[in-house]
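Only one structure is covered here, and it is reproduced in the block below.
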Amino acid sequence: MNFTSWRNILVAAGVAIALSVVAYKDYHRHTLTDGLDGRDAVGLVTEVTWDERKGRENNFVLNVEFETEDGQERVEKIAVSNSLGNQMRASDEAEEIDIRYYLHDPSVAVAAGDTGNSLLMLRMAIASGLVALGLVVARLLKARKVQAA
């Protein structure tokens, strides 16, 4: 199999771009809430949803009700790590969690202290970008050798 074909390079670049977008969105969400414009609140978890694949639960999302500092009632969906999601799912009654939200757009909210998989996504985006770049360089070097011969 020719890993330096343009088709494989385009697939690798597409994966790198997709992972980069996901990693950027998650990073952006955390930087907004961690900055000076982030506010703390206590949220009431009203629903826990998740995906189940191959007998494992993942991709937990919490429906959280909270009140902003200006008294506005909000209900937002917050993606959380598997450990926090399992903890919330195991409870028989509504649980309270600490959250941080962005002052100028309270729909941007995260569970306080829960990093989820943002670091993993960032690492995967960097690795796939390096693979795509390596494939392009290998393809260009291969093309140069064919022209020189």
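Numbering starts fresh at 1 for the residues of each chain in the structure tokens, the chains themselves are lettered A, B, ... in the order given, and ligands are numbered from 1 as they appear.
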Looking only at strand (DSSP E or B) from DSSP on the backbone, list the matching residues of region 12-125 of chain A as a ChimeraX atom specification.
-> /A:38-53,56-67,73-80,95-102,105-111
Give me the residues within 9 Å of Ile99 (chain A) as a PyMOL selection string, counting only C-alpha atoms and dropping any in the same chain fewer than 2 places off.
-> chain A and resi 39-43+66+97+101+109-113
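Within the 12 Å cut-off around Thr31 (chain A), using only C-alpha atoms and omitting residues fewer than 2 positions from it on the same chain, the listed residues are Tyr24, Lys25, Asp26, Tyr27, His28, Arg29, Thr33, Asp34, Gly35, Leu36, Asp37, Gly38, Arg100, Tyr101, Tyr102, Val108, Ala109, Val110, Thr115 and Ser118 of chain A.
Nearest residue to Met88 (chain A) among A:Leu120, A:Leu130, A:Val146, A:Val45 is A:Val45, counting only C-alpha atoms.
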So that I can check the surroundings of region 56-65 of chain A, please list as a short mmCIF file (atom, residue, chain, number, x, y, z; two decimals) with N, CA and C atoms, in the first residue's frame every protein, DNA and RNA residue that reaches within 9 Å of it, counting only C-alpha atoms and ignoring chain neighbours fewer than 5 positions away.
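Saved as around-v1.cif:
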```cif
data_model
loop_
_atom_site.label_atom_id
_atom_site.label_comp_id
_atom_site.auth_asym_id
_atom_site.auth_seq_id
_atom_site.Cartn_x
_atom_site.Cartn_y
_atom_site.Cartn_z
N VAL A 42 -23.77 26.96 41.00
CA VAL A 42 -24.11 25.59 41.39
C VAL A 42 -25.26 25.16 40.49
N GLY A 43 -25.05 24.04 39.81
CA GLY A 43 -26.07 23.54 38.89
C GLY A 43 -26.72 22.29 39.42
N LEU A 44 -27.98 22.12 39.09
CA LEU A 44 -28.74 20.93 39.45
C LEU A 44 -28.81 20.04 38.21
N VAL A 45 -28.27 18.83 38.31
CA VAL A 45 -28.26 17.89 37.20
C VAL A 45 -29.65 17.25 37.11
N THR A 46 -30.35 17.51 35.99
CA THR A 46 -31.70 16.99 35.82
C THR A 46 -31.76 15.76 34.93
N GLU A 47 -30.73 15.56 34.11
CA GLU A 47 -30.72 14.40 33.22
C GLU A 47 -29.29 14.06 32.84
N VAL A 48 -29.02 12.77 32.71
CA VAL A 48 -27.71 12.29 32.26
C VAL A 48 -27.95 11.42 31.03
N THR A 49 -27.26 11.75 29.93
CA THR A 49 -27.35 10.94 28.72
C THR A 49 -25.94 10.50 28.33
N TRP A 50 -25.86 9.39 27.58
CA TRP A 50 -24.58 8.85 27.17
C TRP A 50 -24.77 7.95 25.96
N ASP A 51 -23.67 7.64 25.30
CA ASP A 51 -23.64 6.66 24.21
C ASP A 51 -23.12 5.36 24.78
N GLU A 73 -32.47 32.26 34.79
CA GLU A 73 -32.50 30.80 34.90
C GLU A 73 -32.06 30.19 33.57
N ARG A 74 -31.14 29.22 33.63
CA ARG A 74 -30.60 28.57 32.42
C ARG A 74 -30.71 27.06 32.56
N VAL A 75 -30.90 26.40 31.44
CA VAL A 75 -30.81 24.95 31.35
C VAL A 75 -29.87 24.68 30.19
N GLU A 76 -28.71 24.10 30.47
CA GLU A 76 -27.70 23.87 29.45
C GLU A 76 -27.25 22.43 29.45
N LYS A 77 -26.77 21.99 28.30
CA LYS A 77 -26.17 20.66 28.17
C LYS A 77 -24.66 20.84 28.33
N ILE A 78 -24.06 20.03 29.21
CA ILE A 78 -22.63 20.12 29.48
C ILE A 78 -22.01 18.74 29.26
N ALA A 79 -21.05 18.67 28.35
CA ALA A 79 -20.32 17.42 28.14
C ALA A 79 -19.32 17.25 29.29
N VAL A 80 -19.25 16.05 29.84
CA VAL A 80 -18.36 15.79 30.98
C VAL A 80 -17.56 14.51 30.73
N SER A 81 -16.56 14.32 31.57
CA SER A 81 -15.72 13.12 31.47
C SER A 81 -16.53 11.88 31.83
N ASN A 82 -16.01 10.73 31.44
CA ASN A 82 -16.69 9.47 31.75
C ASN A 82 -16.81 9.25 33.24
N LEU A 84 -17.02 11.49 35.74
CA LEU A 84 -18.07 12.34 36.32
C LEU A 84 -19.44 11.90 35.81
N GLY A 85 -19.54 11.53 34.55
CA GLY A 85 -20.80 11.06 34.00
C GLY A 85 -21.29 9.80 34.69
N ASN A 86 -20.40 8.85 34.93
CA ASN A 86 -20.78 7.63 35.65
C ASN A 86 -21.21 7.93 37.08
N MET A 88 -22.59 10.73 38.15
CA MET A 88 -23.91 11.36 38.11
C MET A 88 -24.99 10.34 37.75
N GLU A 96 -26.22 18.09 42.67
CA GLU A 96 -25.71 19.43 42.39
C GLU A 96 -24.23 19.33 42.04
N ILE A 97 -23.81 20.11 41.06
CA ILE A 97 -22.40 20.18 40.70
C ILE A 97 -22.00 21.64 40.55
#
```
Distance in Å - CA of Val21 (chain A) versus CA of Leu122 (chain A) | 9.6 Å
Among A:Asp70, A:Arg53, A:Ile9, A:Ala148, Pro106 (chain A) is approached most closely, using only C-alpha atoms, by A:Asp70
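Taking CA of Ala12 (chain A) and CA of His30 (chain A) as the two end points, the separation is 26.9 Å.
Between CA of Ala125 (chain A) and CA of Asp105 (chain A) there is a distance of 26.7 Å.
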